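Shown next: work.cif, containing mmCIF, C-alpha atoms.
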data_entry
loop_
_atom_site.label_atom_id
_atom_site.label_comp_id
_atom_site.auth_asym_id
_atom_site.auth_seq_id
_atom_site.Cartn_x
_atom_site.Cartn_y
_atom_site.Cartn_z
CA MET A 1 1.99 15.01 7.27
CA ASN A 2 0.64 11.56 7.84
CA LYS A 3 -2.55 12.63 9.52
CA ALA A 4 -3.83 14.41 6.42
CA GLN A 5 -3.85 11.11 4.51
CA LEU A 6 -6.22 9.49 6.96
CA ASP A 7 -9.77 9.33 5.72
CA PRO A 8 -12.21 10.04 8.56
CA PHE A 9 -15.07 8.67 6.46
CA PHE A 10 -15.98 5.07 5.73
CA SER A 11 -18.58 3.86 3.29
CA LEU A 12 -19.36 0.31 2.23
CA LEU A 13 -22.28 -1.33 0.49
CA THR A 14 -22.51 -4.95 1.59
CA THR A 15 -25.10 -7.71 1.80
CA GLY A 16 -27.12 -8.78 4.84
CA SER A 17 -25.69 -12.27 5.26
CA GLU A 18 -23.46 -13.78 7.95
CA ALA A 19 -20.52 -14.37 5.62
CA LYS A 20 -20.67 -10.85 4.15
CA THR A 21 -21.05 -9.39 7.64
CA ARG A 22 -17.73 -10.93 8.62
CA GLN A 23 -16.00 -9.46 5.55
CA ALA A 24 -17.54 -6.05 6.17
CA LEU A 25 -16.40 -6.07 9.81
CA VAL A 26 -12.84 -6.88 8.82
CA GLN A 27 -12.84 -3.99 6.33
CA PHE A 28 -14.41 -1.64 8.85
CA CYS A 29 -11.90 -2.50 11.58
CA GLU A 30 -9.03 -2.02 9.14
CA TRP A 31 -10.27 1.52 8.52
CA LEU A 32 -10.89 2.17 12.21
CA SER A 33 -7.46 0.95 13.28
CA GLN A 34 -5.85 3.48 10.92
CA GLN A 35 -7.49 6.33 12.81
CA ALA A 36 -5.52 7.81 15.68
CA SER A 37 -8.45 7.71 18.09
CA GLY A 38 -10.04 4.62 16.56
CA ARG A 39 -7.69 1.94 17.81
CA GLU A 40 -8.94 1.98 21.39
CA LEU A 41 -12.52 1.67 20.15
CA SER A 42 -11.90 -1.22 17.80
CA GLY A 43 -12.91 -4.20 19.96
CA THR A 44 -16.06 -2.54 21.27
CA VAL A 45 -17.19 -1.25 17.91
CA GLU A 46 -16.55 -4.55 16.14
CA LEU A 47 -18.75 -6.35 18.66
CA VAL A 48 -21.60 -3.81 18.44
CA LEU A 49 -21.52 -3.72 14.64
CA ALA A 50 -21.44 -7.51 14.52
CA GLU A 51 -24.60 -7.64 16.64
CA ALA A 52 -26.36 -4.96 14.59
CA LEU A 53 -25.36 -6.49 11.23
CA ASN A 54 -26.25 -10.01 12.37
CA ASN A 55 -29.67 -8.70 13.40
CA ILE A 56 -30.12 -7.34 9.88
CA ALA A 57 -29.04 -10.65 8.32
CA GLU A 58 -31.13 -12.82 10.65
CA HIS A 59 -34.22 -10.68 11.29
CA ALA A 60 -34.55 -7.78 8.82
CA TYR A 61 -33.91 -10.13 5.90
CA ALA A 62 -35.59 -13.16 7.49
CA GLN A 63 -37.47 -15.16 4.85
CA LEU A 64 -36.04 -12.82 2.21
CA PRO A 65 -33.01 -13.17 -0.02
CA PRO A 66 -30.09 -11.34 1.67
CA GLY A 67 -30.48 -7.69 0.67
CA PRO A 68 -28.28 -4.60 0.65
CA VAL A 69 -26.76 -3.05 3.76
CA GLN A 70 -25.14 0.35 3.54
CA ILE A 71 -22.56 1.17 6.22
CA ASP A 72 -21.46 4.78 6.59
CA ALA A 73 -19.22 6.02 9.36
CA ASN A 74 -17.21 9.02 10.37
CA LEU A 75 -14.77 9.61 13.17
CA ILE A 76 -14.56 13.28 14.04
CA SER A 77 -13.21 14.83 17.24
CA GLY A 78 -13.05 11.48 18.99
CA SER A 79 -16.67 10.65 18.25
CA LEU A 80 -17.47 7.74 15.95
CA THR A 81 -20.86 7.71 14.26
CA VAL A 82 -21.97 4.65 12.31
CA ARG A 83 -25.13 4.57 10.19
CA LEU A 84 -26.57 1.27 8.98
CA ARG A 85 -29.29 1.17 6.36
CA ASP A 86 -31.14 -1.87 5.06
CA CYS A 87 -34.32 -2.58 3.09
CA GLY A 88 -35.56 -5.49 5.20
CA HIS A 89 -38.45 -5.92 7.61
CA LEU A 90 -38.79 -3.16 10.15
CA LEU A 91 -38.17 -3.84 13.84
CA PRO A 92 -41.24 -5.15 15.72
CA ASN A 93 -43.54 -2.17 16.43
CA ALA A 94 -40.89 -0.04 14.72
CA VAL A 95 -38.98 0.40 17.98
CA MET A 96 -35.62 -0.85 19.21
CA PRO A 97 -35.84 -3.69 21.72
CA GLU A 98 -34.89 -2.63 25.25
CA GLY A 99 -32.00 -5.04 25.39
CA ARG A 100 -32.38 -6.50 28.82
CA LEU A 101 -29.63 -8.90 29.86
CA PRO A 102 -30.94 -12.50 29.90
CA ASP A 103 -30.80 -14.10 33.36
CA THR A 104 -27.73 -16.30 33.81
CA ASP A 105 -28.55 -17.28 37.40
CA VAL A 106 -30.60 -20.27 36.23
CA PRO A 107 -30.19 -24.04 36.04
CA LEU A 108 -27.73 -25.25 33.41
CA GLU A 109 -30.39 -26.48 31.00
CA SER A 110 -32.10 -23.06 31.04
CA LEU A 111 -29.00 -20.99 30.28
CA PRO A 112 -29.64 -18.46 27.50
CA GLU A 113 -27.98 -19.16 24.14
CA GLY A 114 -29.07 -15.87 22.64
CA GLY A 115 -30.82 -12.60 23.35
CA PHE A 116 -27.59 -10.74 24.13
CA GLY A 117 -27.39 -8.71 20.93
CA TRP A 118 -29.47 -5.66 21.81
CA PHE A 119 -28.13 -5.66 25.36
CA LEU A 120 -24.58 -5.35 24.01
CA ILE A 121 -25.63 -2.69 21.48
CA HIS A 122 -27.28 -0.56 24.21
CA ASN A 123 -24.53 -1.17 26.72
CA LEU A 124 -21.58 -0.28 24.50
CA THR A 125 -22.87 2.78 22.66
CA GLN A 126 -23.25 6.34 23.91
CA HIS A 127 -26.15 7.14 21.59
CA LEU A 128 -28.59 5.07 19.52
CA SER A 129 -31.41 5.96 17.20
CA TYR A 130 -33.66 3.98 14.89
CA GLN A 131 -36.04 5.11 12.17
CA HIS A 132 -38.02 3.36 9.49
CA VAL A 133 -38.09 5.76 6.56
CA GLY A 134 -39.00 5.25 2.92
CA GLY A 135 -39.00 1.47 3.30
CA GLU A 136 -35.53 1.50 4.86
CA ASN A 137 -34.32 0.80 8.39
CA HIS A 138 -31.89 3.45 9.60
CA LEU A 139 -29.87 2.64 12.70
CA GLU A 140 -27.42 5.20 14.01
CA LEU A 141 -24.84 4.31 16.64
CA ARG A 142 -22.40 6.65 18.32
CA PHE A 143 -19.25 5.86 20.27
CA ASP A 144 -17.23 8.45 22.15
CA THR A 145 -13.56 7.55 22.49
CA ASN A 146 -13.02 9.54 25.68
CA LEU A 147 -15.72 7.55 27.49
CA GLN A 148 -14.41 4.08 26.74
CA SER A 149 -13.01 2.36 29.79
CA GLY A 150 -11.73 -0.71 27.92
CA MET B 1 -14.25 -24.80 12.20
CA GLU B 2 -11.10 -26.61 13.15
CA LEU B 3 -10.87 -27.93 16.67
CA GLN B 4 -7.85 -29.80 17.94
CA SER B 5 -8.33 -32.28 20.74
CA ASN B 6 -5.49 -33.34 23.07
CA ILE B 7 -6.32 -35.75 25.85
CA HIS B 8 -3.81 -35.65 28.67
CA ASN B 9 -4.28 -37.22 32.12
CA GLY B 10 -7.98 -37.69 31.42
CA ILE B 11 -8.52 -34.06 30.47
CA ASP B 12 -9.51 -33.19 26.91
CA ILE B 13 -8.00 -29.86 25.92
CA ILE B 14 -9.93 -28.63 22.90
CA THR B 15 -8.10 -25.88 21.04
CA VAL B 16 -10.00 -23.63 18.65
CA ASN B 17 -7.74 -23.12 15.64
CA ALA B 18 -9.61 -20.08 14.37
CA GLY B 19 -9.60 -16.37 15.06
CA ARG B 20 -13.35 -15.89 15.20
CA ILE B 21 -16.36 -17.65 16.68
CA ASP B 22 -19.05 -15.48 15.11
CA ALA B 23 -22.47 -15.86 13.53
CA ALA B 24 -20.90 -17.26 10.36
CA ALA B 25 -19.03 -19.95 12.35
CA ALA B 26 -21.42 -20.68 15.24
CA ILE B 27 -23.20 -23.71 13.77
CA GLN B 28 -19.96 -25.30 12.58
CA PHE B 29 -18.44 -24.70 16.01
CA LYS B 30 -21.41 -26.31 17.77
CA ASP B 31 -21.25 -29.36 15.48
CA ALA B 32 -17.49 -29.74 15.94
CA MET B 33 -17.86 -29.42 19.73
CA ARG B 34 -20.63 -32.00 19.79
CA ALA B 35 -18.44 -34.44 17.87
CA ALA B 36 -15.51 -33.83 20.22
CA MET B 37 -17.58 -34.16 23.40
CA ASP B 38 -19.51 -37.22 22.23
CA GLN B 39 -16.46 -39.37 22.74
CA GLY B 40 -14.21 -37.42 25.09
CA PRO B 41 -13.51 -38.01 28.79
CA ASP B 42 -15.43 -36.25 31.58
CA ARG B 43 -13.26 -33.15 31.76
CA PHE B 44 -12.89 -30.58 29.02
CA ILE B 45 -10.95 -27.36 28.74
CA LEU B 46 -11.75 -25.13 25.79
CA ASP B 47 -8.59 -23.25 24.80
CA LEU B 48 -9.65 -19.91 23.30
CA SER B 49 -6.18 -18.33 23.16
CA GLN B 50 -6.22 -18.05 19.35
CA VAL B 51 -9.70 -16.55 19.27
CA THR B 52 -9.71 -12.76 19.08
CA PHE B 53 -13.42 -12.25 18.39
CA VAL B 54 -16.61 -13.80 19.79
CA ASP B 55 -20.03 -12.27 19.13
CA SER B 56 -23.32 -13.19 20.83
CA SER B 57 -23.88 -16.04 18.34
CA GLY B 58 -20.45 -17.45 19.18
CA LEU B 59 -21.12 -17.00 22.88
CA GLY B 60 -24.44 -18.85 22.43
CA ALA B 61 -22.61 -21.69 20.71
CA ILE B 62 -20.15 -22.00 23.62
CA VAL B 63 -23.06 -22.01 26.10
CA ALA B 64 -24.82 -24.65 23.96
CA SER B 65 -21.69 -26.82 24.24
CA LEU B 66 -21.76 -26.53 28.02
CA LYS B 67 -25.44 -27.54 28.04
CA GLN B 68 -25.00 -30.53 25.75
CA MET B 69 -22.08 -31.86 27.78
CA GLY B 70 -24.32 -33.83 30.13
CA ALA B 71 -24.35 -34.34 33.88
CA GLY B 72 -21.24 -35.39 35.78
CA ARG B 73 -18.85 -33.81 33.31
CA ARG B 74 -16.88 -30.61 33.54
CA PHE B 75 -16.22 -27.91 30.96
CA ASP B 76 -13.89 -24.99 31.68
CA LEU B 77 -12.52 -22.16 29.55
CA ALA B 78 -8.91 -20.99 29.21
CA GLY B 79 -6.87 -18.33 27.44
CA LEU B 80 -9.51 -15.69 26.79
CA THR B 81 -8.09 -12.74 24.84
CA PRO B 82 -9.14 -9.24 26.06
CA ASP B 83 -12.10 -8.66 23.72
CA VAL B 84 -13.41 -12.19 24.25
CA ASP B 85 -13.07 -11.82 28.01
CA LYS B 86 -15.06 -8.60 27.79
CA VAL B 87 -18.02 -10.38 26.11
CA PHE B 88 -18.11 -12.96 28.92
CA ARG B 89 -17.97 -10.25 31.60
CA LEU B 90 -20.62 -8.01 30.02
CA THR B 91 -23.09 -10.86 29.63
CA ARG B 92 -22.24 -12.28 33.10
CA MET B 93 -21.29 -15.57 31.49
CA ASP B 94 -18.08 -15.23 33.50
CA THR B 95 -20.20 -16.33 36.47
CA VAL B 96 -21.38 -19.47 34.65
CA PHE B 97 -18.01 -20.78 33.47
CA ASP B 98 -14.77 -21.38 35.33
CA ILE B 99 -12.28 -19.29 33.36
CA TYR B 100 -8.50 -19.73 33.58
CA ALA B 101 -5.64 -17.61 32.30
CA ASP B 102 -4.29 -20.50 30.23
CA THR B 103 -4.58 -24.25 29.82
CA ASP B 104 -1.77 -24.88 32.36
CA ALA B 105 -3.69 -23.03 35.08
CA ALA B 106 -6.89 -24.84 34.11
CA THR B 107 -5.16 -28.25 34.17
CA VAL B 108 -3.68 -27.65 37.61
CA ARG B 109 -7.09 -26.62 38.90
CA ALA B 110 -8.87 -29.52 37.23
CA THR B 111 -6.51 -32.15 38.65
CA GLY B 112 -5.95 -30.45 42.03
#
Once you've parsed the file, please lay out its structure as structure tokens.
Amino acid sequence: MNKAQLDPFFSLLTTGSEAKTRQALVQFCEWLSQQASGRELSGTVELVLAEALNNIAEHAYAQLPPGPVQIDANLISGSLTVRLRDCGHLLPNAVMPEGRLPDTDVPLESLPEGGFGWFLIHNLTQHLSYQHVGGENHLELRFDTNLQSG
Amino acid sequence: MELQSNIHNGIDIITVNAGRIDAAAAIQFKDAMRAAMDQGPDRFILDLSQVTFVDSSGLGAIVASLKQMGAGRRFDLAGLTPDVDKVFRLTRMDTVFDIYADTDAATVRATG
């Protein structure tokens, strides 16, 4: 039976840099696309993980050499949970930014070129939690396949 | 980042020959776009039909290209794949750009 060969767990130790983030995303999406209920999630999850991992590379490890990032995920009963751990700077005030959408109804020269990351993370996940424990940042993201509208 | 520029009837169709405009590619993309737009005509269509993934850094780089274009010029997008289209819709950047199904549709609109 084919299904029994599918591994519902993913684990990867990577590095908090932009180039390594790209490689990690490709590996993650390969795993996700092998899961029966993972395919429909793939585009959404890749975008959210890209934003979260880029945040780690650009902010958590800002002014530091790129450090380790541990990615652990499981897809059980149509619910995908991804945990990201890094040893970089904690989020400002140790809380997740609200993720408000930058205003696009502005003159051309004032159009936002960034600030979308946390908005996309909040908008495309069903559950989010952040903790700074033992010198590590722990970010947990959950996606429910039955709630995705595409 | 490889961009291919085809000028036809005064419209520069810039094709992105890459699958991803992400954080790792954003600066290269911006530089390549600046080089292409420095010398191009007044109308540009960015053909994204080969691009399957754009993150917020890539989106920012595309917005930066629009901003550096300068007054009196026009910059439209064509051929957005589903996941790329979704990023533009979620961030409301679909209200900032004129977006066409493909370069043919964009060309007709731009000359019409």
Compute the chain A side of the contact with chain B at 9 Å, counting only C-alpha atoms, and hand it back as a CSV table (one decimal) with C-alpha atoms, in the coordinates of the input.
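Full text of result-v5.csv as output:
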chain,number,residue,atom,x,y,z
A,17,SER,CA,-25.7,-12.3,5.3
A,18,GLU,CA,-23.5,-13.8,8.0
A,19,ALA,CA,-20.5,-14.4,5.6
A,20,LYS,CA,-20.7,-10.8,4.2
A,21,THR,CA,-21.0,-9.4,7.6
A,22,ARG,CA,-17.7,-10.9,8.6
A,43,GLY,CA,-12.9,-4.2,20.0
A,44,THR,CA,-16.1,-2.5,21.3
A,46,GLU,CA,-16.6,-4.6,16.1
A,47,LEU,CA,-18.8,-6.4,18.7
A,48,VAL,CA,-21.6,-3.8,18.4
A,50,ALA,CA,-21.4,-7.5,14.5
A,51,GLU,CA,-24.6,-7.6,16.6
A,54,ASN,CA,-26.2,-10.0,12.4
A,101,LEU,CA,-29.6,-8.9,29.9
A,102,PRO,CA,-30.9,-12.5,29.9
A,103,ASP,CA,-30.8,-14.1,33.4
A,104,THR,CA,-27.7,-16.3,33.8
A,105,ASP,CA,-28.6,-17.3,37.4
A,108,LEU,CA,-27.7,-25.2,33.4
A,109,GLU,CA,-30.4,-26.5,31.0
A,110,SER,CA,-32.1,-23.1,31.0
A,111,LEU,CA,-29.0,-21.0,30.3
A,112,PRO,CA,-29.6,-18.5,27.5
A,113,GLU,CA,-28.0,-19.2,24.1
A,114,GLY,CA,-29.1,-15.9,22.6
A,115,GLY,CA,-30.8,-12.6,23.4
A,116,PHE,CA,-27.6,-10.7,24.1
A,117,GLY,CA,-27.4,-8.7,20.9
A,119,PHE,CA,-28.1,-5.7,25.4
A,120,LEU,CA,-24.6,-5.4,24.0
A,123,ASN,CA,-24.5,-1.2,26.7
A,150,GLY,CA,-11.7,-0.7,27.9
From the list A:Leu12, A:Leu91, A:Ala73, A:Leu80, the nearest residue to Trp118 (chain A) using all atoms listed in the file is A:Leu91
Item to check | Contact residues around region 129-146 of chain A with all atoms listed in the file at 6 Å, ignoring same-chain residues under 5 positions, as a PyMOL selection string | outcome: chain A and resi 78-87
message: Quick check, in Å to one decimal: how far apart do CA of Thr125 (chain A) and CA of Arg39 (chain A) lie?
response: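 Here the two named atoms are 16.0 Å from each other.
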For the structure shown, which residues end up in the PyMOL selection byres ((chain B and resi 77) around 9)? Put them as an NGL selection string, please? :B and (44-48 or 75-76 or 78-80 or 97-103 or 106)
Measure the distance from CA of Ser5 (chain B) to CA of Ile27 (chain B) in Å and round it to one decimal.
->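 Separation between CA of Ser5 (chain B) and CA of Ile27 (chain B): 18.5 Å.
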Please provide as an MDAnalysis selection string all residues within 7 Å of Gly67 (chain A), with the sequence filter that same-chain residues fewer than 2 positions apart are discarded (counting all atoms listed in the file). chainID A and resid 15:16 61 65 69 87
### Result set, the PyMOL selection byres ((chain A and resi 37) around 12) on current file, as a PyMOL selection string
chain A and resi 3+6+8+31-36+38-42+74-80+143-148
Go through the shown structure with the PyMOL selection byres ((chain B and resi 42) around 8) and write out the matching residues as number ranges by chain.
B: 10-11, 40-41, 43-44, 72-74
For CA of Leu64 (chain A) and CA of Ala94 (chain A), the interatomic separation in Å (one decimal):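 It comes out at 18.5 Å.
Nearest to Leu13 (chain A) of all the residues A:Ile71, A:Val45, A:Ala62, A:Leu53 is A:Ile71, based on all atoms listed in the file.
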Surrounding residues of Met33 (chain B) excluding itself and chain neighbours under 2 positions, 9 Å, all atoms listed in the file, as an MDAnalysis selection string: chainID B and resid 3 14 28:31 35:38 62 65
